[in-house]
Amino acid sequence: MFLFIKRRVYTYIALWRVGGYKKRPIVNGLTILTKNTFLGSNISFNGFRIYGGGRVVIGDNFHSGAGCRIITQVHNYNGTKLPYDESYRLKKINIEANVWFGLDVLVLANCIIGEGAIIQAGSVVVSDIPALSIAGGNPARVFSTRDEKHYLKLRNAGEFH
């Protein structure tokens, strides 16, 4: 019973400011989204935070471990003061369908994470990750790929967790 109540509270908090969603996500840990965040269906957060006012699009069947973060704005270091001024530069992040983040993943501004990618726990994503890639580290680098034939078979059969 307690898990049910906790999940409902976390879901309420997550959807309080979200820009939009196809289907209500499953939220198992404190998750803070923004009005510029747009979610697909079958999303599962286990503790997730988006910082900044940039646009974030998360595709269908996304799952995350606890402690994941996205940063969508950076200080304006080309502004009127040093080391930066009071303004921010907004950035976009696009996470395509069927992506899985391990525990404590950090994604920095202007990244596209391709369909079916897996991001290893503790990784810092600073650039695009191609579809079906398995990436990890700081900065995150592709070290393996998913079996494309197997992936497509499951995707086309609608076998989603």
# chains A, B, ... in the order shown; residues from 1 in each chain; ligands from 1
call {"tool": "select_by_dssp", "arguments": {"residues": "chain A", "states": "helix (DSSP H, G or I)", "output": "PDB file with all heavy atoms, in the first residue's frame"}}
result
ATOM      1  N   PHE A   2       1.938   1.239   0.805  1.00  0.00           N
ATOM      2  CA  PHE A   2       2.801   2.417   0.883  1.00  0.00           C
ATOM      3  C   PHE A   2       3.438   2.726  -0.471  1.00  0.00           C
ATOM      4  O   PHE A   2       3.513   3.879  -0.874  1.00  0.00           O
ATOM      5  CB  PHE A   2       3.879   2.210   1.945  1.00  0.00           C
ATOM      6  CG  PHE A   2       4.836   3.367   2.048  1.00  0.00           C
ATOM      7  CD1 PHE A   2       4.413   4.579   2.571  1.00  0.00           C
ATOM      8  CD2 PHE A   2       6.129   3.249   1.592  1.00  0.00           C
ATOM      9  CE1 PHE A   2       5.282   5.661   2.651  1.00  0.00           C
ATOM     10  CE2 PHE A   2       7.002   4.326   1.654  1.00  0.00           C
ATOM     11  CZ  PHE A   2       6.570   5.533   2.196  1.00  0.00           C
ATOM     12  N   LEU A   3       3.879   1.679  -1.197  1.00  0.00           N
ATOM     13  CA  LEU A   3       4.483   1.874  -2.519  1.00  0.00           C
ATOM     14  C   LEU A   3       3.492   2.531  -3.475  1.00  0.00           C
ATOM     15  O   LEU A   3       3.847   3.420  -4.246  1.00  0.00           O
ATOM     16  CB  LEU A   3       4.985   0.554  -3.085  1.00  0.00           C
ATOM     17  CG  LEU A   3       5.615   0.620  -4.468  1.00  0.00           C
ATOM     18  CD1 LEU A   3       6.837   1.531  -4.464  1.00  0.00           C
ATOM     19  CD2 LEU A   3       5.996  -0.760  -4.943  1.00  0.00           C
ATOM     20  N   PHE A   4       2.233   2.111  -3.411  1.00  0.00           N
ATOM     21  CA  PHE A   4       1.193   2.681  -4.259  1.00  0.00           C
ATOM     22  C   PHE A   4       1.026   4.176  -3.977  1.00  0.00           C
ATOM     23  O   PHE A   4       0.965   4.986  -4.899  1.00  0.00           O
ATOM     24  CB  PHE A   4      -0.131   1.933  -4.030  1.00  0.00           C
ATOM     25  CG  PHE A   4      -1.292   2.554  -4.740  1.00  0.00           C
ATOM     26  CD1 PHE A   4      -1.463   2.381  -6.099  1.00  0.00           C
ATOM     27  CD2 PHE A   4      -2.221   3.329  -4.053  1.00  0.00           C
ATOM     28  CE1 PHE A   4      -2.538   2.959  -6.769  1.00  0.00           C
ATOM     29  CE2 PHE A   4      -3.296   3.911  -4.701  1.00  0.00           C
ATOM     30  CZ  PHE A   4      -3.452   3.724  -6.071  1.00  0.00           C
ATOM     31  N   ILE A   5       0.971   4.552  -2.718  1.00  0.00           N
ATOM     32  CA  ILE A   5       0.814   5.965  -2.347  1.00  0.00           C
ATOM     33  C   ILE A   5       2.046   6.762  -2.770  1.00  0.00           C
ATOM     34  O   ILE A   5       1.930   7.854  -3.329  1.00  0.00           O
ATOM     35  CB  ILE A   5       0.553   6.107  -0.827  1.00  0.00           C
ATOM     36  CG1 ILE A   5      -0.797   5.500  -0.483  1.00  0.00           C
ATOM     37  CG2 ILE A   5       0.627   7.564  -0.397  1.00  0.00           C
ATOM     38  CD1 ILE A   5      -1.054   5.350   1.000  1.00  0.00           C
ATOM     39  N   LYS A   6       3.221   6.203  -2.503  1.00  0.00           N
ATOM     40  CA  LYS A   6       4.465   6.876  -2.877  1.00  0.00           C
ATOM     41  C   LYS A   6       4.507   7.106  -4.394  1.00  0.00           C
ATOM     42  O   LYS A   6       4.845   8.201  -4.851  1.00  0.00           O
ATOM     43  CB  LYS A   6       5.636   6.001  -2.422  1.00  0.00           C
ATOM     44  CG  LYS A   6       6.979   6.668  -2.478  1.00  0.00           C
ATOM     45  CD  LYS A   6       7.985   5.874  -1.668  1.00  0.00           C
ATOM     46  CE  LYS A   6       8.890   5.123  -2.577  1.00  0.00           C
ATOM     47  NZ  LYS A   6      10.024   4.487  -1.893  1.00  0.00           N
ATOM     48  N   ARG A   7       4.150   6.088  -5.159  1.00  0.00           N
ATOM     49  CA  ARG A   7       4.160   6.200  -6.625  1.00  0.00           C
ATOM     50  C   ARG A   7       3.190   7.286  -7.091  1.00  0.00           C
ATOM     51  O   ARG A   7       3.500   8.054  -8.000  1.00  0.00           O
ATOM     52  CB  ARG A   7       3.809   4.858  -7.248  1.00  0.00           C
ATOM     53  CG  ARG A   7       3.897   4.884  -8.762  1.00  0.00           C
ATOM     54  CD  ARG A   7       3.523   3.567  -9.358  1.00  0.00           C
ATOM     55  NE  ARG A   7       4.629   2.627  -9.256  1.00  0.00           N
ATOM     56  CZ  ARG A   7       4.562   1.376  -9.672  1.00  0.00           C
ATOM     57  NH1 ARG A   7       3.460   0.895 -10.199  1.00  0.00           N
ATOM     58  NH2 ARG A   7       5.612   0.600  -9.575  1.00  0.00           N
ATOM     59  N   ARG A   8       2.016   7.362  -6.474  1.00  0.00           N
ATOM     60  CA  ARG A   8       1.035   8.385  -6.864  1.00  0.00           C
ATOM     61  C   ARG A   8       1.544   9.791  -6.559  1.00  0.00           C
ATOM     62  O   ARG A   8       1.366  10.711  -7.348  1.00  0.00           O
ATOM     63  CB  ARG A   8      -0.314   8.132  -6.203  1.00  0.00           C
ATOM     64  CG  ARG A   8      -0.995   6.899  -6.799  1.00  0.00           C
ATOM     65  CD  ARG A   8      -2.408   6.739  -6.356  1.00  0.00           C
ATOM     66  NE  ARG A   8      -3.270   7.839  -6.703  1.00  0.00           N
ATOM     67  CZ  ARG A   8      -4.039   7.905  -7.793  1.00  0.00           C
ATOM     68  NH1 ARG A   8      -3.996   6.921  -8.667  1.00  0.00           N
ATOM     69  NH2 ARG A   8      -4.827   8.926  -7.998  1.00  0.00           N
ATOM     70  N   VAL A   9       2.193   9.962  -5.407  1.00  0.00           N
ATOM     71  CA  VAL A   9       2.751  11.267  -5.037  1.00  0.00           C
ATOM     72  C   VAL A   9       3.862  11.652  -6.011  1.00  0.00           C
ATOM     73  O   VAL A   9       3.893  12.775  -6.529  1.00  0.00           O
ATOM     74  CB  VAL A   9       3.256  11.273  -3.578  1.00  0.00           C
ATOM     75  CG1 VAL A   9       4.063  12.529  -3.278  1.00  0.00           C
ATOM     76  CG2 VAL A   9       2.089  11.154  -2.615  1.00  0.00           C
ATOM     77  N   TYR A  10       4.780  10.732  -6.284  1.00  0.00           N
ATOM     78  CA  TYR A  10       5.873  11.007  -7.222  1.00  0.00           C
ATOM     79  C   TYR A  10       5.340  11.321  -8.624  1.00  0.00           C
ATOM     80  O   TYR A  10       5.860  12.190  -9.313  1.00  0.00           O
ATOM     81  CB  TYR A  10       6.850   9.841  -7.290  1.00  0.00           C
ATOM     82  CG  TYR A  10       7.737   9.688  -6.081  1.00  0.00           C
ATOM     83  CD1 TYR A  10       8.136   8.434  -5.651  1.00  0.00           C
ATOM     84  CD2 TYR A  10       8.201  10.789  -5.364  1.00  0.00           C
ATOM     85  CE1 TYR A  10       8.970   8.276  -4.546  1.00  0.00           C
ATOM     86  CE2 TYR A  10       9.019  10.653  -4.265  1.00  0.00           C
ATOM     87  CZ  TYR A  10       9.403   9.401  -3.865  1.00  0.00           C
ATOM     88  OH  TYR A  10      10.217   9.250  -2.778  1.00  0.00           O
ATOM     89  N   THR A  11       4.309  10.616  -9.050  1.00  0.00           N
ATOM     90  CA  THR A  11       3.711  10.876 -10.366  1.00  0.00           C
ATOM     91  C   THR A  11       3.088  12.263 -10.398  1.00  0.00           C
ATOM     92  O   THR A  11       3.262  13.008 -11.364  1.00  0.00           O
ATOM     93  CB  THR A  11       2.669   9.796 -10.711  1.00  0.00           C
ATOM     94  OG1 THR A  11       3.316   8.518 -10.727  1.00  0.00           O
ATOM     95  CG2 THR A  11       2.039  10.050 -12.071  1.00  0.00           C
ATOM     96  N   TYR A  12       2.376  12.631  -9.349  1.00  0.00           N
ATOM     97  CA  TYR A  12       1.777  13.960  -9.274  1.00  0.00           C
ATOM     98  C   TYR A  12       2.855  15.047  -9.382  1.00  0.00           C
ATOM     99  O   TYR A  12       2.711  16.003 -10.146  1.00  0.00           O
ATOM    100  CB  TYR A  12       0.987  14.124  -7.971  1.00  0.00           C
ATOM    101  CG  TYR A  12       0.446  15.513  -7.785  1.00  0.00           C
ATOM    102  CD1 TYR A  12      -0.709  15.919  -8.444  1.00  0.00           C
ATOM    103  CD2 TYR A  12       1.109  16.437  -6.968  1.00  0.00           C
ATOM    104  CE1 TYR A  12      -1.190  17.212  -8.297  1.00  0.00           C
ATOM    105  CE2 TYR A  12       0.625  17.725  -6.817  1.00  0.00           C
ATOM    106  CZ  TYR A  12      -0.524  18.104  -7.482  1.00  0.00           C
ATOM    107  OH  TYR A  12      -0.997  19.383  -7.345  1.00  0.00           O
ATOM    108  N   ILE A  13       3.934  14.884  -8.636  1.00  0.00           N
ATOM    109  CA  ILE A  13       5.024  15.862  -8.667  1.00  0.00           C
ATOM    110  C   ILE A  13       5.623  15.943 -10.075  1.00  0.00           C
ATOM    111  O   ILE A  13       5.858  17.032 -10.604  1.00  0.00           O
ATOM    112  CB  ILE A  13       6.103  15.519  -7.626  1.00  0.00           C
ATOM    113  CG1 ILE A  13       5.553  15.722  -6.218  1.00  0.00           C
ATOM    114  CG2 ILE A  13       7.364  16.370  -7.834  1.00  0.00           C
ATOM    115  CD1 ILE A  13       6.422  15.147  -5.114  1.00  0.00           C
ATOM    116  N   ALA A  14       5.863  14.789 -10.694  1.00  0.00           N
ATOM    117  CA  ALA A  14       6.472  14.764 -12.032  1.00  0.00           C
ATOM    118  C   ALA A  14       5.584  15.454 -13.063  1.00  0.00           C
ATOM    119  O   ALA A  14       6.076  16.175 -13.930  1.00  0.00           O
ATOM    120  CB  ALA A  14       6.753  13.326 -12.456  1.00  0.00           C
ATOM    121  N   LEU A  15       4.276  15.229 -12.983  1.00  0.00           N
ATOM    122  CA  LEU A  15       3.361  15.773 -13.993  1.00  0.00           C
ATOM    123  C   LEU A  15       2.902  17.199 -13.691  1.00  0.00           C
ATOM    124  O   LEU A  15       2.242  17.822 -14.517  1.00  0.00           O
ATOM    125  CB  LEU A  15       2.148  14.851 -14.139  1.00  0.00           C
ATOM    126  CG  LEU A  15       2.477  13.448 -14.642  1.00  0.00           C
ATOM    127  CD1 LEU A  15       1.215  12.618 -14.748  1.00  0.00           C
ATOM    128  CD2 LEU A  15       3.223  13.499 -15.962  1.00  0.00           C
ATOM    129  N   GLU A 148      21.035  -6.021 -33.715  1.00  0.00           N
ATOM    130  CA  GLU A 148      19.987  -5.319 -34.450  1.00  0.00           C
ATOM    131  C   GLU A 148      18.844  -6.242 -34.848  1.00  0.00           C
ATOM    132  O   GLU A 148      17.662  -5.876 -34.720  1.00  0.00           O
ATOM    133  CB  GLU A 148      20.568  -4.645 -35.696  1.00  0.00           C
ATOM    134  CG  GLU A 148      19.541  -3.836 -36.462  1.00  0.00           C
ATOM    135  CD  GLU A 148      20.135  -3.075 -37.631  1.00  0.00           C
ATOM    136  OE1 GLU A 148      21.345  -3.207 -37.895  1.00  0.00           O
ATOM    137  OE2 GLU A 148      19.378  -2.343 -38.280  1.00  0.00           O
ATOM    138  N   LYS A 149      19.146  -7.431 -35.316  1.00  0.00           N
ATOM    139  CA  LYS A 149      18.109  -8.376 -35.748  1.00  0.00           C
ATOM    140  C   LYS A 149      17.193  -8.727 -34.571  1.00  0.00           C
ATOM    141  O   LYS A 149      15.971  -8.720 -34.693  1.00  0.00           O
ATOM    142  CB  LYS A 149      18.755  -9.627 -36.329  1.00  0.00           C
ATOM    143  CG  LYS A 149      17.787 -10.606 -36.906  1.00  0.00           C
ATOM    144  CD  LYS A 149      18.528 -11.776 -37.553  1.00  0.00           C
ATOM    145  CE  LYS A 149      17.549 -12.802 -38.088  1.00  0.00           C
ATOM    146  NZ  LYS A 149      18.244 -13.940 -38.695  1.00  0.00           N
ATOM    147  N   HIS A 150      17.779  -9.016 -33.425  1.00  0.00           N
ATOM    148  CA  HIS A 150      17.010  -9.351 -32.223  1.00  0.00           C
ATOM    149  C   HIS A 150      16.183  -8.149 -31.757  1.00  0.00           C
ATOM    150  O   HIS A 150      15.001  -8.289 -31.427  1.00  0.00           O
ATOM    151  CB  HIS A 150      17.972  -9.811 -31.115  1.00  0.00           C
ATOM    152  CG  HIS A 150      17.302 -10.169 -29.844  1.00  0.00           C
ATOM    153  ND1 HIS A 150      16.526 -11.294 -29.700  1.00  0.00           N
ATOM    154  CD2 HIS A 150      17.277  -9.545 -28.641  1.00  0.00           C
ATOM    155  CE1 HIS A 150      16.053 -11.356 -28.471  1.00  0.00           C
ATOM    156  NE2 HIS A 150      16.498 -10.307 -27.802  1.00  0.00           N
ATOM    157  N   TYR A 151      16.804  -6.980 -31.749  1.00  0.00           N
ATOM    158  CA  TYR A 151      16.116  -5.754 -31.343  1.00  0.00           C
ATOM    159  C   TYR A 151      14.889  -5.510 -32.224  1.00  0.00           C
ATOM    160  O   TYR A 151      13.797  -5.254 -31.724  1.00  0.00           O
ATOM    161  CB  TYR A 151      17.074  -4.560 -31.413  1.00  0.00           C
ATOM    162  CG  TYR A 151      16.392  -3.237 -31.180  1.00  0.00           C
ATOM    163  CD1 TYR A 151      16.180  -2.756 -29.901  1.00  0.00           C
ATOM    164  CD2 TYR A 151      15.935  -2.475 -32.252  1.00  0.00           C
ATOM    165  CE1 TYR A 151      15.531  -1.555 -29.683  1.00  0.00           C
ATOM    166  CE2 TYR A 151      15.286  -1.269 -32.047  1.00  0.00           C
ATOM    167  CZ  TYR A 151      15.087  -0.810 -30.767  1.00  0.00           C
ATOM    168  OH  TYR A 151      14.426   0.374 -30.555  1.00  0.00           O
ATOM    169  N   LEU A 152      15.075  -5.577 -33.537  1.00  0.00           N
ATOM    170  CA  LEU A 152      13.973  -5.307 -34.465  1.00  0.00           C
ATOM    171  C   LEU A 152      12.859  -6.348 -34.332  1.00  0.00           C
ATOM    172  O   LEU A 152      11.676  -6.008 -34.426  1.00  0.00           O
ATOM    173  CB  LEU A 152      14.491  -5.246 -35.901  1.00  0.00           C
ATOM    174  CG  LEU A 152      15.401  -4.044 -36.203  1.00  0.00           C
ATOM    175  CD1 LEU A 152      15.984  -4.162 -37.599  1.00  0.00           C
ATOM    176  CD2 LEU A 152      14.663  -2.730 -36.002  1.00  0.00           C
ATOM    177  N   LYS A 153      13.232  -7.589 -34.087  1.00  0.00           N
ATOM    178  CA  LYS A 153      12.230  -8.646 -33.883  1.00  0.00           C
ATOM    179  C   LYS A 153      11.349  -8.313 -32.681  1.00  0.00           C
ATOM    180  O   LYS A 153      10.126  -8.384 -32.757  1.00  0.00           O
ATOM    181  CB  LYS A 153      12.928  -9.989 -33.690  1.00  0.00           C
ATOM    182  CG  LYS A 153      11.992 -11.130 -33.408  1.00  0.00           C
ATOM    183  CD  LYS A 153      12.767 -12.414 -33.159  1.00  0.00           C
ATOM    184  CE  LYS A 153      11.843 -13.506 -32.661  1.00  0.00           C
ATOM    185  NZ  LYS A 153      12.588 -14.708 -32.273  1.00  0.00           N
ATOM    186  N   LEU A 154      11.968  -7.949 -31.558  1.00  0.00           N
ATOM    187  CA  LEU A 154      11.213  -7.603 -30.356  1.00  0.00           C
ATOM    188  C   LEU A 154      10.393  -6.329 -30.544  1.00  0.00           C
ATOM    189  O   LEU A 154       9.229  -6.258 -30.149  1.00  0.00           O
ATOM    190  CB  LEU A 154      12.151  -7.457 -29.160  1.00  0.00           C
ATOM    191  CG  LEU A 154      12.825  -8.743 -28.689  1.00  0.00           C
ATOM    192  CD1 LEU A 154      13.850  -8.423 -27.609  1.00  0.00           C
ATOM    193  CD2 LEU A 154      11.810  -9.754 -28.204  1.00  0.00           C
ATOM    194  N   ARG A 155      11.005  -5.313 -31.154  1.00  0.00           N
ATOM    195  CA  ARG A 155      10.296  -4.049 -31.380  1.00  0.00           C
ATOM    196  C   ARG A 155       9.081  -4.255 -32.271  1.00  0.00           C
ATOM    197  O   ARG A 155       7.983  -3.786 -31.970  1.00  0.00           O
ATOM    198  CB  ARG A 155      11.228  -3.013 -32.008  1.00  0.00           C
ATOM    199  CG  ARG A 155      10.561  -1.632 -32.111  1.00  0.00           C
ATOM    200  CD  ARG A 155      11.327  -0.681 -32.960  1.00  0.00           C
ATOM    201  NE  ARG A 155      11.200  -1.117 -34.357  1.00  0.00           N
ATOM    202  CZ  ARG A 155      11.836  -0.555 -35.363  1.00  0.00           C
ATOM    203  NH1 ARG A 155      12.656   0.454 -35.156  1.00  0.00           N
ATOM    204  NH2 ARG A 155      11.664  -0.986 -36.600  1.00  0.00           N
ATOM    205  N   ASN A 156       9.269  -4.976 -33.365  1.00  0.00           N
ATOM    206  CA  ASN A 156       8.161  -5.180 -34.313  1.00  0.00           C
ATOM    207  C   ASN A 156       7.053  -6.061 -33.737  1.00  0.00           C
ATOM    208  O   ASN A 156       5.899  -5.946 -34.144  1.00  0.00           O
ATOM    209  CB  ASN A 156       8.695  -5.756 -35.619  1.00  0.00           C
ATOM    210  CG  ASN A 156       9.582  -4.775 -36.347  1.00  0.00           C
ATOM    211  OD1 ASN A 156       9.518  -3.556 -36.123  1.00  0.00           O
ATOM    212  ND2 ASN A 156      10.454  -5.267 -37.212  1.00  0.00           N
ATOM    213  N   ALA A 157       7.402  -6.919 -32.768  1.00  0.00           N
ATOM    214  CA  ALA A 157       6.395  -7.771 -32.117  1.00  0.00           C
ATOM    215  C   ALA A 157       5.704  -7.030 -30.960  1.00  0.00           C
ATOM    216  O   ALA A 157       4.780  -7.568 -30.355  1.00  0.00           O
ATOM    217  CB  ALA A 157       7.049  -9.050 -31.605  1.00  0.00           C
TER     218      ALA A 157
END
call {"tool": "residues_around", "arguments": {"residues": "stretch 85-96 of chain A", "least_positions_apart": "3", "cutoff": "6 Å", "atoms": "only C-alpha atoms", "output": "MDAnalysis selection string"}}
result
chainID A and resid 54:59 72:76 79:81 109:115
call {"tool": "write_last_selection", "arguments": {"atoms": "N, CA, C and O atoms", "output": "PDB file, in the first residue's frame"}}
result
ATOM      1  N   GLY A  54      15.517  24.384 -21.429  1.00  0.00           N
ATOM      2  CA  GLY A  54      15.570  23.859 -22.787  1.00  0.00           C
ATOM      3  C   GLY A  54      14.569  22.742 -23.015  1.00  0.00           C
ATOM      4  O   GLY A  54      14.017  22.173 -22.077  1.00  0.00           O
ATOM      5  N   ARG A  55      14.354  22.416 -24.268  1.00  0.00           N
ATOM      6  CA  ARG A  55      13.371  21.400 -24.667  1.00  0.00           C
ATOM      7  C   ARG A  55      13.951  19.993 -24.512  1.00  0.00           C
ATOM      8  O   ARG A  55      15.068  19.723 -24.962  1.00  0.00           O
ATOM      9  N   VAL A  56      13.163  19.097 -23.914  1.00  0.00           N
ATOM     10  CA  VAL A  56      13.531  17.687 -23.762  1.00  0.00           C
ATOM     11  C   VAL A  56      12.383  16.847 -24.310  1.00  0.00           C
ATOM     12  O   VAL A  56      11.235  17.021 -23.895  1.00  0.00           O
ATOM     13  N   VAL A  57      12.702  15.966 -25.240  1.00  0.00           N
ATOM     14  CA  VAL A  57      11.719  15.031 -25.779  1.00  0.00           C
ATOM     15  C   VAL A  57      12.211  13.628 -25.459  1.00  0.00           C
ATOM     16  O   VAL A  57      13.345  13.272 -25.797  1.00  0.00           O
ATOM     17  N   ILE A  58      11.362  12.849 -24.789  1.00  0.00           N
ATOM     18  CA  ILE A  58      11.693  11.477 -24.416  1.00  0.00           C
ATOM     19  C   ILE A  58      10.695  10.562 -25.112  1.00  0.00           C
ATOM     20  O   ILE A  58       9.485  10.682 -24.901  1.00  0.00           O
ATOM     21  N   GLY A  59      11.207   9.660 -25.947  1.00  0.00           N
ATOM     22  CA  GLY A  59      10.363   8.770 -26.729  1.00  0.00           C
ATOM     23  C   GLY A  59       9.740   7.650 -25.917  1.00  0.00           C
ATOM     24  O   GLY A  59       9.999   7.490 -24.718  1.00  0.00           O
ATOM     25  N   THR A  72      19.719  21.313 -19.438  1.00  0.00           N
ATOM     26  CA  THR A  72      19.302  21.870 -20.725  1.00  0.00           C
ATOM     27  C   THR A  72      19.643  23.342 -20.909  1.00  0.00           C
ATOM     28  O   THR A  72      19.168  23.969 -21.844  1.00  0.00           O
ATOM     29  N   GLN A  73      20.423  23.890 -20.014  1.00  0.00           N
ATOM     30  CA  GLN A  73      20.860  25.271 -20.221  1.00  0.00           C
ATOM     31  C   GLN A  73      22.260  25.440 -19.666  1.00  0.00           C
ATOM     32  O   GLN A  73      22.663  24.728 -18.751  1.00  0.00           O
ATOM     33  N   VAL A  74      22.978  26.348 -20.282  1.00  0.00           N
ATOM     34  CA  VAL A  74      24.339  26.624 -19.841  1.00  0.00           C
ATOM     35  C   VAL A  74      24.483  28.127 -19.645  1.00  0.00           C
ATOM     36  O   VAL A  74      23.786  28.923 -20.274  1.00  0.00           O
ATOM     37  N   HIS A  75      25.393  28.506 -18.769  1.00  0.00           N
ATOM     38  CA  HIS A  75      25.683  29.924 -18.580  1.00  0.00           C
ATOM     39  C   HIS A  75      26.220  30.511 -19.875  1.00  0.00           C
ATOM     40  O   HIS A  75      26.919  29.844 -20.635  1.00  0.00           O
ATOM     41  N   ASN A  76      25.916  31.782 -20.108  1.00  0.00           N
ATOM     42  CA  ASN A  76      26.382  32.466 -21.307  1.00  0.00           C
ATOM     43  C   ASN A  76      27.799  32.991 -21.068  1.00  0.00           C
ATOM     44  O   ASN A  76      27.996  34.088 -20.566  1.00  0.00           O
ATOM     45  N   GLY A  79      28.896  36.273 -23.027  1.00  0.00           N
ATOM     46  CA  GLY A  79      28.069  37.434 -22.720  1.00  0.00           C
ATOM     47  C   GLY A  79      28.877  38.667 -22.382  1.00  0.00           C
ATOM     48  O   GLY A  79      30.012  38.854 -22.832  1.00  0.00           O
ATOM     49  N   THR A  80      28.326  39.499 -21.510  1.00  0.00           N
ATOM     50  CA  THR A  80      28.896  40.806 -21.211  1.00  0.00           C
ATOM     51  C   THR A  80      29.800  40.818 -19.986  1.00  0.00           C
ATOM     52  O   THR A  80      30.341  41.867 -19.640  1.00  0.00           O
ATOM     53  N   LYS A  81      29.952  39.671 -19.308  1.00  0.00           N
ATOM     54  CA  LYS A  81      30.795  39.601 -18.121  1.00  0.00           C
ATOM     55  C   LYS A  81      31.608  38.318 -18.129  1.00  0.00           C
ATOM     56  O   LYS A  81      31.284  37.368 -18.843  1.00  0.00           O
ATOM     57  N   ALA A 109      23.692  19.248 -22.359  1.00  0.00           N
ATOM     58  CA  ALA A 109      22.920  19.906 -23.407  1.00  0.00           C
ATOM     59  C   ALA A 109      23.322  19.530 -24.829  1.00  0.00           C
ATOM     60  O   ALA A 109      24.468  19.231 -25.114  1.00  0.00           O
ATOM     61  N   ASN A 110      22.320  19.576 -25.709  1.00  0.00           N
ATOM     62  CA  ASN A 110      22.441  19.362 -27.153  1.00  0.00           C
ATOM     63  C   ASN A 110      22.835  17.945 -27.537  1.00  0.00           C
ATOM     64  O   ASN A 110      23.652  17.759 -28.433  1.00  0.00           O
ATOM     65  N   CYS A 111      22.230  16.955 -26.912  1.00  0.00           N
ATOM     66  CA  CYS A 111      22.510  15.557 -27.241  1.00  0.00           C
ATOM     67  C   CYS A 111      21.276  14.886 -27.827  1.00  0.00           C
ATOM     68  O   CYS A 111      20.157  15.177 -27.425  1.00  0.00           O
ATOM     69  N   ILE A 112      21.535  13.969 -28.753  1.00  0.00           N
ATOM     70  CA  ILE A 112      20.505  13.064 -29.259  1.00  0.00           C
ATOM     71  C   ILE A 112      20.955  11.666 -28.886  1.00  0.00           C
ATOM     72  O   ILE A 112      22.079  11.262 -29.198  1.00  0.00           O
ATOM     73  N   ILE A 113      20.069  10.947 -28.210  1.00  0.00           N
ATOM     74  CA  ILE A 113      20.354   9.563 -27.853  1.00  0.00           C
ATOM     75  C   ILE A 113      19.448   8.704 -28.716  1.00  0.00           C
ATOM     76  O   ILE A 113      18.220   8.778 -28.623  1.00  0.00           O
ATOM     77  N   GLY A 114      20.063   7.929 -29.601  1.00  0.00           N
ATOM     78  CA  GLY A 114      19.344   7.192 -30.629  1.00  0.00           C
ATOM     79  C   GLY A 114      18.491   6.051 -30.108  1.00  0.00           C
ATOM     80  O   GLY A 114      18.678   5.545 -29.001  1.00  0.00           O
ATOM     81  N   GLU A 115      17.578   5.632 -30.951  1.00  0.00           N
ATOM     82  CA  GLU A 115      16.642   4.560 -30.629  1.00  0.00           C
ATOM     83  C   GLU A 115      17.356   3.312 -30.130  1.00  0.00           C
ATOM     84  O   GLU A 115      18.353   2.880 -30.705  1.00  0.00           O
TER      85      GLU A 115
END
call {"tool": "residues_around", "arguments": {"residues": "A:Ser144", "least_positions_apart": "6", "cutoff": "9 Å", "atoms": "only C-alpha atoms", "output": "list in words"}}
result
Leu132, Ser133, Ile134 and Ala135 of chain A
call {"tool": "select_by_dssp", "arguments": {"residues": "chain A", "states": "strand (DSSP E or B)", "output": "PyMOL selection string"}}
result
chain A and resi 20-21+26-27+31-32+37-39+44-45+48-51+56-58+63-64+68-71+73-75+88-90+93-95+100-101+106-107+111-113+118-119+124-125+129+133-136+141-145
call {"tool": "atom_distance", "arguments": {"atom1": "atom CA of A:Ile43", "atom2": "atom CA of A:Ile71"}}
result
19.1 Å
call {"tool": "closest_residue", "arguments": {"among": "A:Val126, A:Asn61, A:Tyr51, A:Ala66", "to": "A:Asn28", "atoms": "only C-alpha atoms"}}
result
A:Ala66
call {"tool": "residues_around", "arguments": {"residues": "A:Thr31", "least_positions_apart": "2", "cutoff": "6 Å", "atoms": "only C-alpha atoms", "output": "list in words"}}
result
Ala14, Gly47, Phe48 and Arg49 of chain A
call {"tool": "write_last_selection", "arguments": {"atoms": "all heavy atoms", "output": "short mmCIF file (atom, residue, chain, number, x, y, z; two decimals), in the first residue's frame"}}
result
data_model
loop_
_atom_site.label_atom_id
_atom_site.label_comp_id
_atom_site.auth_asym_id
_atom_site.auth_seq_id
_atom_site.Cartn_x
_atom_site.Cartn_y
_atom_site.Cartn_z
N ALA A 14 5.86 14.79 -10.69
CA ALA A 14 6.47 14.76 -12.03
C ALA A 14 5.58 15.45 -13.06
O ALA A 14 6.08 16.17 -13.93
CB ALA A 14 6.75 13.33 -12.46
N GLY A 47 13.56 8.12 -10.34
CA GLY A 47 14.26 9.27 -9.76
C GLY A 47 15.00 9.96 -10.88
O GLY A 47 15.98 9.44 -11.40
N PHE A 48 14.51 11.11 -11.30
CA PHE A 48 14.99 11.77 -12.51
C PHE A 48 14.82 13.26 -12.31
O PHE A 48 13.84 13.70 -11.70
CB PHE A 48 14.11 11.29 -13.68
CG PHE A 48 14.68 11.49 -15.04
CD1 PHE A 48 15.48 10.52 -15.61
CD2 PHE A 48 14.40 12.63 -15.77
CE1 PHE A 48 15.99 10.67 -16.89
CE2 PHE A 48 14.91 12.81 -17.05
CZ PHE A 48 15.70 11.82 -17.61
N ARG A 49 15.74 14.04 -12.84
CA ARG A 49 15.64 15.50 -12.68
C ARG A 49 16.11 16.19 -13.94
O ARG A 49 17.17 15.85 -14.47
CB ARG A 49 16.49 15.94 -11.49
CG ARG A 49 16.55 17.42 -11.25
CD ARG A 49 15.58 17.84 -10.18
NE ARG A 49 15.46 19.28 -10.16
CZ ARG A 49 15.67 20.03 -9.10
NH1 ARG A 49 16.03 19.48 -7.97
NH2 ARG A 49 15.49 21.32 -9.17
#
call {"tool": "atom_distance", "arguments": {"atom1": "atom CA of A:Ile32", "atom2": "atom CA of A:Glu159"}}
result
28.4 Å
call {"tool": "residues_around", "arguments": {"residues": "A:Val18", "least_positions_apart": "3", "cutoff": "8 Å", "atoms": "only C-alpha atoms", "output": "list of chain:residue names"}}
result
A:Ala14, A:Leu15, A:Tyr21, A:Leu33, A:Thr34, A:Lys35, A:Asn36, A:Thr37, A:Phe38
